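**Student:** Dropping in start_39.txt, which is compact mmCIF, C-alpha atoms:
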```txt
# COMPACT_ATOMS: atom_id res chain seq x y z
CA MET A 29 -14.24 9.99 4.65
CA SER A 30 -15.04 11.01 1.10
CA HIS A 31 -14.97 14.64 -0.05
CA ASN A 32 -18.59 14.33 -1.23
CA ILE A 33 -20.55 12.71 1.60
CA VAL A 34 -23.23 10.19 0.60
CA HIS A 35 -26.15 9.32 2.87
CA TYR A 36 -28.61 7.44 0.69
CA THR A 37 -31.68 6.00 2.47
CA SER A 38 -34.55 4.00 1.05
CA ALA A 39 -37.06 1.40 2.19
CA ASP A 40 -34.79 -1.51 1.20
CA ILE A 41 -31.19 -0.27 1.37
CA ASP A 42 -29.02 2.48 2.85
CA LEU A 43 -25.65 3.48 1.37
CA THR A 44 -22.96 5.73 2.84
CA ASN A 45 -19.32 6.67 2.44
CA ASP A 46 -19.29 8.61 5.71
CA PHE A 47 -16.55 6.71 7.55
CA GLU A 48 -12.75 6.64 7.62
CA GLY A 49 -11.51 5.63 4.18
CA GLY A 50 -14.96 5.94 2.60
CA ASN A 51 -15.17 7.03 -1.03
CA LEU A 52 -18.15 7.00 -3.40
CA LEU A 53 -20.15 8.95 -5.92
CA LEU A 54 -23.76 7.78 -6.22
CA LEU A 55 -24.91 8.69 -9.73
CA ASN A 56 -28.26 6.97 -10.19
CA ARG A 57 -30.55 4.11 -9.19
CA GLU A 58 -32.84 2.11 -11.43
CA GLY A 59 -34.62 -0.72 -9.64
CA ASN A 60 -31.98 -2.72 -7.80
CA THR A 61 -29.15 -1.38 -9.98
CA PHE A 62 -26.95 1.45 -8.72
CA GLN A 63 -24.64 3.51 -10.92
CA LEU A 64 -21.57 4.44 -8.88
CA ASN A 65 -18.08 5.82 -9.37
CA PRO A 66 -15.03 6.70 -7.28
CA ASP A 67 -14.84 10.22 -5.92
CA LEU A 68 -11.61 11.35 -7.57
CA TRP A 69 -12.07 14.97 -6.56
CA ASN A 70 -8.35 15.66 -6.02
CA CYS A 71 -6.91 13.23 -8.57
CA THR A 72 -5.71 14.66 -11.88
CA ASP A 73 -6.11 11.32 -13.69
CA LYS A 74 -9.76 10.22 -13.62
CA SER A 75 -8.90 6.66 -14.70
CA TRP A 76 -7.92 5.75 -11.13
CA PHE A 77 -10.21 3.52 -9.20
CA TYR A 78 -10.44 3.66 -5.39
CA TRP A 79 -13.91 3.44 -3.85
CA SER A 80 -15.39 2.14 -0.59
CA PHE A 81 -18.93 2.23 0.78
CA ARG A 82 -21.16 0.66 3.44
CA ALA A 83 -24.55 -0.88 2.69
CA VAL A 84 -27.33 -1.61 5.17
CA PHE A 85 -29.66 -4.13 3.57
CA LYS A 86 -33.25 -3.93 4.81
CA LYS A 87 -34.62 -6.53 2.40
CA THR A 88 -33.46 -9.93 1.16
CA ASP A 89 -32.75 -9.37 -2.52
CA VAL A 90 -30.06 -9.21 -5.23
CA TYR A 91 -28.44 -5.82 -5.81
CA ARG A 92 -26.23 -4.79 -8.72
CA PHE A 93 -23.53 -2.11 -8.41
CA GLU A 94 -22.16 -0.68 -11.67
CA PHE A 95 -19.08 1.50 -12.23
CA SER A 96 -17.25 2.84 -15.24
CA ASP A 97 -14.60 0.54 -16.74
CA TYR A 98 -11.69 -0.82 -14.69
CA LYS A 99 -13.02 -0.13 -11.21
CA ILE A 100 -13.34 -3.80 -10.13
CA GLY A 101 -10.27 -5.97 -9.55
CA THR A 102 -9.48 -9.57 -10.43
CA ARG A 103 -11.19 -11.06 -7.35
CA GLY A 104 -14.17 -8.72 -7.38
CA PRO A 105 -14.67 -6.31 -4.50
CA ALA A 106 -13.49 -6.92 -0.95
CA LEU A 107 -16.20 -7.41 1.68
CA SER A 108 -16.25 -6.82 5.44
CA TYR A 109 -18.96 -7.94 7.84
CA ASN A 110 -17.50 -6.36 11.01
CA GLY A 111 -17.24 -2.66 10.22
CA GLY A 112 -14.09 -2.76 8.14
CA LEU A 113 -11.72 -4.67 10.41
CA ASP A 114 -11.55 -8.00 8.56
CA TRP A 115 -11.98 -8.49 4.83
CA GLU A 116 -12.44 -11.19 2.23
CA TRP A 117 -12.72 -11.25 -1.56
CA LEU A 118 -16.03 -11.77 -3.32
CA THR A 119 -14.41 -14.77 -5.04
CA ASP A 120 -11.19 -16.76 -4.69
CA SER A 121 -10.92 -17.26 -8.45
CA HIS A 122 -10.59 -14.89 -11.40
CA TYR A 123 -13.38 -12.33 -11.62
CA GLU A 124 -13.83 -11.22 -15.20
CA PRO A 125 -16.12 -8.15 -15.04
CA ASP A 126 -14.18 -4.95 -14.43
CA SER A 127 -17.12 -2.60 -13.99
CA PHE A 128 -19.88 -4.28 -11.93
CA PHE A 129 -20.70 -6.83 -9.25
CA GLU A 130 -23.85 -8.29 -7.76
CA TYR A 131 -24.55 -9.11 -4.13
CA SER A 132 -27.25 -11.43 -2.76
CA ALA A 133 -28.22 -9.66 0.42
CA THR A 134 -30.02 -10.92 3.50
CA GLU A 135 -32.31 -8.62 5.42
CA GLY A 136 -30.45 -7.01 8.31
CA GLU A 137 -26.96 -7.40 6.83
CA VAL A 138 -24.46 -4.55 7.11
CA VAL A 139 -21.64 -4.97 4.59
CA ASP A 140 -18.66 -2.81 3.72
CA PHE A 141 -17.54 -3.02 0.09
CA CYS A 142 -14.18 -1.83 -1.20
CA GLN A 143 -12.13 -1.93 -4.39
CA CYS A 144 -9.25 -3.47 -2.40
CA ILE A 145 -8.59 -5.04 0.99
CA PRO A 146 -8.02 -1.84 2.98
CA TYR A 147 -5.38 -1.09 5.58
CA ARG A 148 -6.55 1.92 7.52
CA MET A 149 -5.52 3.74 10.67
CA PRO A 150 -7.28 1.24 13.02
CA HIS A 151 -5.25 -1.56 11.39
CA LEU A 152 -2.03 0.40 11.89
CA ILE A 153 -2.85 1.35 15.49
CA SER A 154 -3.58 -2.30 16.30
CA PHE A 155 -0.28 -3.35 14.76
CA LEU A 156 1.71 -0.65 16.56
CA ASP A 157 0.11 -1.62 19.89
CA ARG A 158 1.09 -5.23 19.25
CA ILE A 159 4.75 -4.54 18.47
CA ASP A 160 5.23 -1.74 20.99
CA ILE A 161 5.69 -4.28 23.80
CA SER A 162 8.88 -5.54 22.16
CA PRO A 163 12.10 -4.31 23.81
CA VAL A 164 13.75 -3.99 20.40
CA CYS A 165 11.02 -1.74 18.99
CA LYS A 166 10.66 2.02 19.42
CA ILE A 167 7.71 3.93 17.98
CA PHE A 168 8.14 7.66 17.51
CA GLU A 169 6.57 10.52 15.58
CA LEU A 170 8.18 11.33 12.25
CA SER A 171 6.22 14.58 11.89
CA LYS A 172 2.77 16.07 11.70
CA THR A 173 0.83 16.16 8.44
CA LEU A 174 -0.48 19.30 6.77
CA LYS A 175 -3.70 18.77 8.75
CA GLY A 176 -1.95 18.19 12.06
CA ARG A 177 -2.18 14.40 12.26
CA SER A 178 0.73 12.37 13.59
CA VAL A 179 2.83 10.30 11.19
CA PRO A 180 4.24 7.32 13.14
CA ALA A 181 7.67 5.83 12.55
CA ILE A 182 9.26 2.61 13.80
CA LYS A 183 12.85 1.87 14.81
CA ILE A 184 13.97 -1.70 15.45
CA SER A 185 17.39 -2.56 16.85
CA ASN A 186 19.00 -4.56 19.63
CA PRO A 187 19.50 -2.29 22.66
CA ASP A 188 23.27 -1.89 22.45
CA ASP A 189 25.73 0.78 21.42
CA THR A 190 27.07 -1.04 18.39
CA GLU A 191 27.14 1.07 15.25
CA LYS A 192 25.07 -0.60 12.55
CA GLN A 193 24.06 -0.05 8.96
CA ALA A 194 20.49 1.16 8.49
CA LEU A 195 17.67 -0.36 6.46
CA PHE A 196 14.77 1.94 5.51
CA PHE A 197 11.23 0.99 4.50
CA ALA A 198 8.42 3.34 3.50
CA CYS A 199 4.80 2.64 2.67
CA ARG A 200 1.65 4.48 1.63
CA HIS A 201 3.18 7.42 -0.15
CA HIS A 202 0.02 6.80 -2.16
CA ALA A 203 -2.84 6.52 0.30
CA GLN A 204 -4.93 3.83 -1.36
CA GLU A 205 -2.14 1.29 -2.00
CA SER A 206 -3.11 -0.86 0.96
CA MET A 207 -1.80 -4.34 0.14
CA ALA A 208 1.76 -3.02 0.46
CA SER A 209 1.06 -2.37 4.16
CA TYR A 210 0.55 -6.06 4.83
CA ALA A 211 3.93 -6.77 3.25
CA LEU A 212 5.52 -4.20 5.54
CA GLU A 213 3.85 -5.87 8.53
CA GLY A 214 5.52 -9.13 7.49
CA ILE A 215 8.91 -7.44 7.23
CA ILE A 216 8.58 -5.86 10.66
CA GLU A 217 7.25 -9.02 12.34
CA SER A 218 10.20 -11.00 10.99
CA VAL A 219 12.77 -8.69 12.59
CA ILE A 220 11.20 -8.20 16.05
CA GLU A 221 10.36 -11.81 16.89
CA GLU A 222 12.47 -13.81 19.33
CA THR A 223 14.33 -16.03 16.89
CA ALA A 224 18.00 -16.54 16.13
CA PHE A 225 17.45 -15.16 12.62
CA ALA A 226 15.78 -11.97 13.84
CA ASP A 227 18.46 -11.48 16.47
CA GLU A 228 21.16 -11.80 13.82
CA ILE A 229 19.38 -9.22 11.65
CA ARG A 230 19.25 -6.79 14.57
CA LYS A 231 22.92 -7.35 15.40
CA ARG A 232 23.86 -6.25 11.89
CA PHE A 233 21.28 -3.57 11.14
CA GLU A 234 18.97 -0.97 12.62
CA ILE A 235 15.64 -0.88 10.84
CA TYR A 236 13.48 2.18 10.24
CA ALA A 237 9.96 2.00 8.82
CA ILE A 238 7.39 4.66 7.96
CA PRO A 239 4.22 2.59 7.65
CA MET A 240 1.83 5.32 6.48
CA VAL A 241 3.38 8.37 4.85
CA ASP A 242 0.10 9.94 3.67
CA VAL A 243 -1.93 9.59 6.87
CA ASP A 244 -4.33 12.35 5.80
CA GLY A 245 -5.05 10.64 2.50
CA VAL A 246 -5.71 7.25 4.08
CA ILE A 247 -8.15 8.69 6.62
CA GLU A 248 -9.91 10.85 4.03
CA GLY A 249 -10.29 8.02 1.53
CA ILE A 250 -8.45 9.48 -1.45
CA GLN A 251 -6.66 7.63 -4.23
CA GLY A 252 -3.37 9.38 -3.45
CA LYS A 253 -1.83 8.80 -6.87
CA CYS A 254 -1.74 11.90 -9.11
CA GLN A 255 -2.95 13.90 -6.11
CA GLU A 256 -3.69 17.60 -6.43
CA PRO A 257 -1.99 19.90 -5.75
CA HIS A 258 0.93 17.50 -5.26
CA ASP A 259 1.66 13.77 -5.32
CA PRO A 260 3.51 12.76 -2.11
CA ASN A 261 5.80 10.45 -4.06
CA ARG A 262 6.79 13.25 -6.41
CA ASP A 263 7.79 15.58 -3.58
CA TYR A 264 11.47 14.59 -3.40
CA GLY A 265 14.36 16.45 -4.98
CA ASN A 266 12.56 19.80 -5.16
CA SER A 267 13.82 23.02 -3.61
CA GLU A 268 10.83 23.10 -1.23
CA TYR A 269 8.66 20.31 0.15
CA PHE A 270 4.88 20.38 0.00
CA PHE A 271 4.37 17.63 2.61
CA PRO A 272 6.04 18.05 6.03
CA GLN A 273 6.31 14.27 6.49
CA VAL A 274 8.18 13.98 3.19
CA ALA A 275 10.61 16.66 4.36
CA ALA A 276 11.03 14.79 7.65
CA LEU A 277 11.59 11.43 5.95
CA ASN A 278 14.09 13.02 3.59
CA ALA A 279 15.99 14.49 6.55
CA LEU A 280 15.94 11.22 8.52
CA THR A 281 17.18 9.28 5.51
CA GLU A 282 20.02 11.73 4.94
CA GLU A 283 20.93 11.54 8.65
CA LYS A 284 20.94 7.74 8.99
CA LYS A 285 22.40 7.01 5.53
CA PRO A 286 20.72 3.64 4.96
CA VAL A 287 22.50 1.10 2.83
CA PHE A 288 19.15 -0.37 1.75
CA ILE A 289 15.92 1.50 0.92
CA LEU A 290 12.67 -0.13 -0.16
CA ASP A 291 9.52 1.83 -0.92
CA LEU A 292 6.41 -0.38 -1.02
CA HIS A 293 3.60 0.39 -3.47
CA CYS A 294 0.72 -1.23 -5.37
CA PRO A 295 0.29 -1.01 -9.15
CA TRP A 296 -2.82 -0.38 -11.26
CA ILE A 297 -5.98 -2.40 -10.70
CA ARG A 298 -5.70 -5.37 -13.12
CA ASN A 299 -4.33 -6.92 -16.33
CA GLY A 300 -0.78 -7.63 -17.46
CA MET A 301 2.02 -6.48 -15.18
CA ASN A 302 -0.51 -5.32 -12.58
CA GLU A 303 -1.18 -8.95 -11.69
CA PHE A 304 2.30 -9.89 -10.55
CA ALA A 305 4.80 -8.45 -8.09
CA PHE A 306 7.85 -6.69 -9.48
CA LEU A 307 10.77 -4.47 -8.55
CA VAL A 308 11.14 -1.10 -10.24
CA GLY A 309 14.49 -0.02 -11.69
CA ASN A 310 16.05 3.41 -11.40
CA LYS A 311 17.95 5.61 -13.83
CA ASN A 312 21.23 5.38 -11.92
CA GLU A 313 23.43 2.79 -13.66
CA ASN A 314 25.10 1.88 -10.35
CA GLN A 315 21.79 0.47 -9.11
CA LYS A 316 21.28 -2.04 -11.92
CA VAL A 317 23.55 -4.85 -10.68
CA PRO A 318 22.30 -4.67 -7.06
CA LEU A 319 18.70 -4.71 -8.29
CA ALA A 320 19.25 -7.79 -10.44
CA ARG A 321 21.05 -9.60 -7.62
CA PHE A 322 18.42 -8.78 -4.99
CA ALA A 323 15.61 -9.78 -7.35
CA GLU A 324 17.34 -13.11 -7.99
CA ILE A 325 17.58 -13.81 -4.24
CA LEU A 326 14.00 -12.67 -3.58
CA GLU A 327 12.76 -15.00 -6.30
CA GLN A 328 14.39 -17.87 -4.39
CA GLU A 329 12.98 -16.80 -1.02
CA ALA A 330 9.42 -15.91 -2.07
CA PRO A 331 6.70 -18.28 -0.83
CA PRO A 332 4.90 -20.46 -3.41
CA GLN A 333 1.63 -18.57 -2.86
CA ALA A 334 3.27 -15.19 -3.54
CA PRO A 335 6.05 -15.66 -6.11
CA ILE A 336 8.16 -12.94 -7.69
CA TYR A 337 10.55 -13.32 -10.63
CA GLU A 338 13.69 -11.43 -11.54
CA LYS A 339 12.60 -11.39 -15.21
CA ASP A 340 9.62 -9.24 -14.23
CA ASN A 341 11.74 -6.30 -13.03
CA LEU A 342 10.66 -3.05 -14.69
CA PRO A 343 13.79 -1.28 -15.99
CA TYR A 344 13.96 2.47 -16.13
CA GLY A 345 12.76 3.76 -19.50
CA VAL A 346 10.18 0.98 -19.94
CA ASP A 347 6.40 1.53 -19.80
CA TRP A 348 5.45 4.12 -17.14
CA ASN A 349 8.87 3.96 -15.45
CA SER A 350 10.44 6.90 -17.28
CA ASP A 351 11.15 10.61 -17.01
CA LYS A 352 7.61 11.46 -18.12
CA SER A 353 6.25 10.07 -14.83
CA PHE A 354 8.44 12.32 -12.69
CA THR A 355 7.85 15.81 -14.08
CA GLN A 356 6.47 17.02 -10.72
CA GLY A 357 9.47 15.74 -8.75
CA SER A 358 11.19 12.53 -7.77
CA GLY A 359 9.91 9.51 -5.87
CA TYR A 360 11.48 8.42 -2.58
CA ALA A 361 13.46 5.41 -3.86
CA LYS A 362 14.34 7.11 -7.14
CA HIS A 363 15.64 10.18 -5.34
CA PHE A 364 17.89 8.29 -2.94
CA SER A 365 19.19 5.96 -5.64
CA ASN A 366 21.56 8.82 -6.47
CA TYR A 367 23.06 8.97 -2.97
CA SER A 368 26.35 7.12 -2.52
CA PHE A 369 25.38 5.58 0.82
CA ALA A 370 22.33 3.80 -0.68
CA PHE A 371 23.73 0.62 -2.21
CA PHE A 372 20.13 -0.38 -3.01
CA SER A 373 17.20 2.06 -3.37
CA HIS A 374 14.16 0.75 -5.20
CA THR A 375 10.39 0.31 -5.21
CA VAL A 376 8.48 -2.96 -5.04
CA GLU A 377 4.97 -3.15 -6.51
CA VAL A 378 2.61 -5.47 -4.60
CA PRO A 379 -0.58 -6.35 -6.56
CA PHE A 380 -3.96 -5.83 -4.94
CA ALA A 381 -5.53 -9.24 -5.42
CA ALA A 382 -3.45 -11.77 -7.35
CA PHE A 383 0.11 -12.77 -8.17
CA ARG A 384 -0.80 -14.14 -11.58
CA GLU A 385 -3.27 -16.96 -10.84
CA LYS A 386 -2.63 -17.00 -7.07
CA THR A 387 -5.16 -15.18 -4.91
CA GLN A 388 -3.67 -12.92 -2.23
CA THR A 389 -4.84 -12.19 1.30
CA PRO A 390 -3.25 -10.20 4.13
CA GLU A 391 -1.75 -13.45 5.42
CA THR A 392 -0.07 -14.40 2.13
CA ILE A 393 1.24 -10.87 1.64
CA ARG A 394 2.73 -10.88 5.15
CA GLU A 395 4.60 -14.04 4.14
CA PHE A 396 5.84 -12.19 1.07
CA GLY A 397 7.15 -9.48 3.42
CA ARG A 398 8.97 -12.08 5.49
CA ALA A 399 10.61 -13.31 2.28
CA ILE A 400 11.85 -9.77 1.62
CA THR A 401 13.62 -9.83 5.01
CA ARG A 402 15.28 -13.16 4.26
CA ALA A 403 16.40 -11.86 0.87
CA ILE A 404 17.88 -8.71 2.42
CA TYR A 405 19.87 -10.79 4.91
CA ARG A 406 21.40 -12.84 2.10
CA PHE A 407 21.86 -9.83 -0.16
CA LEU A 408 23.81 -7.68 2.29
```
Just give me the structure of the file as structure tokens.

**Tutor:**
Amino acid sequence: MSHNIVHYTSADIDLTNDFEGGNLLLLNREGNTFQLNPDLWNCTDKSWFYWSFRAVFKKTDVYRFEFSDYKIGTRGPALSYNGGLDWEWLTDSHYEPDSFFEYSATEGEVVDFCQCIPYRMPHLISFLDRIDISPVCKIFELSKTLKGRSVPAIKISNPDDTEKQALFFACRHHAQESMASYALEGIIESVIEETAFADEIRKRFEIYAIPMVDVDGVIEGIQGKCQEPHDPNRDYGNSEYFFPQVAALNALTEEKKPVFILDLHCPWIRNGMNEFAFLVGNKNENQKVPLARFAEILEQEAPPQAPIYEKDNLPYGVDWNSDKSFTQGSGYAKHFSNYSFAFFSHTVEVPFAAFREKTQTPETIREFGRAITRAIYRFL
């Protein structure tokens, strides 16, 4: 839930952010127009954009919700009609306004609105329950968070004593970056299913995944990026760790010595490079050739609805991917790119709503995740 709880009640509409993942500042109302903003209470950069609220409509009417610039994505807000379990975009085509949307409400409707299609703890619990029945899957606790919540981890491997190389995947170092979670679901589904391909993957590798690093941030509805007093993905490579789950993931990675590490993220909200998927380069020169080769293979494997192109890789030293972004510490993939056992250690950025002109949903992003698995198999 949001740091500043909103319970707004009137004769025609109620608004609240008082639920898991909720986030909203209610600034003003004039007629049917509401001035809103994200509650970025622990975010050092106030240009970030995560918000989520629930509306109970008591009157059939048109309501307008206004934000500051760049708080609405390229498909408008996401909407849920069943309490935040299932979501859809306001539109399947490009949505031009970046600071407002309107909703034609019917009396009695209860609608959740969100800047993105969320992936919250109930989504993760449902997924873990679904895969836990697999004999090749083991779910265990990585650590507790600062607030005592459990951080789940997943191990996937054929039940034999064969020594295998490890593959590591991490997600939600930044709490709000939800679309990346659906890609991770696709990766995991593709390696636990009963197919010859999945069995071959498990014969060669053991797979570890941390699906929600910042559990506290996801539950509490924070942006996660530029988090005060510390960003979880700038907590690596320091003499002391701020987050216990980061310390635990660092230790597990050092113990298992994965040959392949992929940290899944989402970029900024819209425009330019934020509307296509891309792999992020690291400073280590030894990582450049593997990155280019993997990106080339992934381009071939990516589904038509969710393409990715090697030419879109973001090299180190270009745009935000430079030393100036890591003054607080190193990111997970960047940190382990300097370890000799990690032949490949990089980040992939998964856009919130669109890969260029192609609208994304949880289903299409899961297919993108499956393509990542196919690319890894060919790459290694």

**Student:** From the options A:Arg402, A:His363, A:Lys339, A:Arg321, which residue's atoms come nearest to Asp263 of chain A, counting all atoms listed in the file?

**Tutor:**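 The closest residue to Asp263 of chain A is A:His363.
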
**Student:** Compile the contact shell of segment 203-217 of chain A as a VMD selection string: residues with an atom at most 9 Å away, counting only C-alpha atoms, same-chain residues fewer than 5 positions apart removed.

**Tutor:** chain A and resid 49 78 144 to 148 152 155 159 184 197 to 198 235 237 239 to 247 249 to 253 292 to 295 376 to 381 389 to 401

**Student:** For segment 343-359 of chain A, please output as a PDB file with C-alpha atoms, keeping the file's coordinate frame all residues within 12 Å (counting only C-alpha atoms; exclusion window: fewer than 3 positions along the same chain).

**Tutor:**
```pdb
ATOM      1  CA  ALA A 198       8.420   3.340   3.500  1.00  0.00           C
ATOM      2  CA  HIS A 201       3.180   7.420  -0.150  1.00  0.00           C
ATOM      3  CA  HIS A 202       0.020   6.800  -2.160  1.00  0.00           C
ATOM      4  CA  LYS A 253      -1.830   8.800  -6.870  1.00  0.00           C
ATOM      5  CA  CYS A 254      -1.740  11.900  -9.110  1.00  0.00           C
ATOM      6  CA  GLN A 255      -2.950  13.900  -6.110  1.00  0.00           C
ATOM      7  CA  GLU A 256      -3.690  17.600  -6.430  1.00  0.00           C
ATOM      8  CA  PRO A 257      -1.990  19.900  -5.750  1.00  0.00           C
ATOM      9  CA  HIS A 258       0.930  17.500  -5.260  1.00  0.00           C
ATOM     10  CA  ASP A 259       1.660  13.770  -5.320  1.00  0.00           C
ATOM     11  CA  PRO A 260       3.510  12.760  -2.110  1.00  0.00           C
ATOM     12  CA  ASN A 261       5.800  10.450  -4.060  1.00  0.00           C
ATOM     13  CA  ARG A 262       6.790  13.250  -6.410  1.00  0.00           C
ATOM     14  CA  ASP A 263       7.790  15.580  -3.580  1.00  0.00           C
ATOM     15  CA  TYR A 264      11.470  14.590  -3.400  1.00  0.00           C
ATOM     16  CA  GLY A 265      14.360  16.450  -4.980  1.00  0.00           C
ATOM     17  CA  ASN A 266      12.560  19.800  -5.160  1.00  0.00           C
ATOM     18  CA  SER A 267      13.820  23.020  -3.610  1.00  0.00           C
ATOM     19  CA  GLU A 268      10.830  23.100  -1.230  1.00  0.00           C
ATOM     20  CA  TYR A 269       8.660  20.310   0.150  1.00  0.00           C
ATOM     21  CA  PHE A 270       4.880  20.380   0.000  1.00  0.00           C
ATOM     22  CA  VAL A 274       8.180  13.980   3.190  1.00  0.00           C
ATOM     23  CA  ASN A 278      14.090  13.020   3.590  1.00  0.00           C
ATOM     24  CA  LEU A 290      12.670  -0.130  -0.160  1.00  0.00           C
ATOM     25  CA  ASP A 291       9.520   1.830  -0.920  1.00  0.00           C
ATOM     26  CA  LEU A 292       6.410  -0.380  -1.020  1.00  0.00           C
ATOM     27  CA  HIS A 293       3.600   0.390  -3.470  1.00  0.00           C
ATOM     28  CA  PRO A 295       0.290  -1.010  -9.150  1.00  0.00           C
ATOM     29  CA  TRP A 296      -2.820  -0.380 -11.260  1.00  0.00           C
ATOM     30  CA  GLY A 300      -0.780  -7.630 -17.460  1.00  0.00           C
ATOM     31  CA  MET A 301       2.020  -6.480 -15.180  1.00  0.00           C
ATOM     32  CA  PHE A 306       7.850  -6.690  -9.480  1.00  0.00           C
ATOM     33  CA  LEU A 307      10.770  -4.470  -8.550  1.00  0.00           C
ATOM     34  CA  VAL A 308      11.140  -1.100 -10.240  1.00  0.00           C
ATOM     35  CA  GLY A 309      14.490  -0.020 -11.690  1.00  0.00           C
ATOM     36  CA  ASN A 310      16.050   3.410 -11.400  1.00  0.00           C
ATOM     37  CA  LYS A 311      17.950   5.610 -13.830  1.00  0.00           C
ATOM     38  CA  ASN A 312      21.230   5.380 -11.920  1.00  0.00           C
ATOM     39  CA  GLU A 313      23.430   2.790 -13.660  1.00  0.00           C
ATOM     40  CA  GLN A 315      21.790   0.470  -9.110  1.00  0.00           C
ATOM     41  CA  LYS A 316      21.280  -2.040 -11.920  1.00  0.00           C
ATOM     42  CA  VAL A 317      23.550  -4.850 -10.680  1.00  0.00           C
ATOM     43  CA  LEU A 319      18.700  -4.710  -8.290  1.00  0.00           C
ATOM     44  CA  ALA A 320      19.250  -7.790 -10.440  1.00  0.00           C
ATOM     45  CA  GLU A 338      13.690 -11.430 -11.540  1.00  0.00           C
ATOM     46  CA  LYS A 339      12.600 -11.390 -15.210  1.00  0.00           C
ATOM     47  CA  ASP A 340       9.620  -9.240 -14.230  1.00  0.00           C
ATOM     48  CA  LYS A 362      14.340   7.110  -7.140  1.00  0.00           C
ATOM     49  CA  HIS A 363      15.640  10.180  -5.340  1.00  0.00           C
ATOM     50  CA  PHE A 364      17.890   8.290  -2.940  1.00  0.00           C
ATOM     51  CA  SER A 365      19.190   5.960  -5.640  1.00  0.00           C
ATOM     52  CA  ASN A 366      21.560   8.820  -6.470  1.00  0.00           C
ATOM     53  CA  SER A 373      17.200   2.060  -3.370  1.00  0.00           C
ATOM     54  CA  HIS A 374      14.160   0.750  -5.200  1.00  0.00           C
ATOM     55  CA  THR A 375      10.390   0.310  -5.210  1.00  0.00           C
TER      56      THR A 375
END
```

**Student:** Give as a VMD selection string each residue that has an atom at most 6 Å from (13.8, -3.5, 16.1) in the file, counting all atoms listed in the file.

**Tutor:** chain A and resid 164 to 165 183 to 185 220

**Student:** Write out as a ChimeraX atom specification each polymer residue whose atoms come within 12 Å of Tyr337 of chain A, counting all atoms listed in the file; drop sequence neighbours fewer than 6 positions from it.

**Tutor:** /A:301,304-307,320-331,376,383-384

**Student:** When you draw a straight line from atom CA of Thr173 of chain A to atom CA of Asp140 of chain A, how long is it in Å?

**Tutor:**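 Pair atom CA of Thr173 of chain A / atom CA of Asp140 of chain A returns 27.6 Å.
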
**Student:** When you draw a straight line from atom CA of Ser171 of chain A to atom CA of Asn186 of chain A, how long is it in Å?

**Tutor:**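 Distance reported for this atom pair: 24.3 Å.
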
**Student:** Determine the nearest neighbour of Leu113 of chain A from the options A:Ala370, A:Ile153, A:Ala133, A:Ala83, counting all atoms listed in the file.

**Tutor:**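 So, comparing all the options, the nearest one is A:Ile153.
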
**Student:** Just to confirm, what's the straight-line distance from atom CA of Asn299 of chain A to atom CA of Ser96 of chain A in Å (one decimal)?

**Tutor:**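 Separation between atom CA of Asn299 of chain A and atom CA of Ser96 of chain A: 16.2 Å.
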
**Student:** Considering all atoms listed in the file, can you say which of A:Ser121, A:Asn32, A:Gln193, A:Gln273 comes closest to Pro180 of chain A?

**Tutor:**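 With all atoms listed in the file as the atom set, the closest residue is A:Gln273.
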
**Student:** Quick one: residues within 6 Å of (-25.0, -1.0, -9.6) (file frame), counting only C-alpha atoms, please, as a ChimeraX atom specification.

**Tutor:** /A:61-63,92-94

**Student:** Tell me which of A:Tyr36, A:Tyr98, A:Ala226, A:Glu248 sits closest to Met149 of chain A, counting only C-alpha atoms.

**Tutor:**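 Nearest candidate to Met149 of chain A out of A:Tyr36, A:Tyr98, A:Ala226, A:Glu248: A:Glu248.
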
**Student:** Which residue, A:Ser75, A:Ser80, A:Asn302, A:Ser127, has the smallest gap to Gly111 of chain A when you use only C-alpha atoms?

**Tutor:**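 Looking only at the distances to Gly111 of chain A, the closest residue turns out to be A:Ser80.
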
**Student:** Have a look at A:Val34, A:Arg103, A:Phe371, A:Gln388 and name the one nearest to Phe407 of chain A; count only C-alpha atoms.

**Tutor:**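 Closest candidate: A:Phe371.
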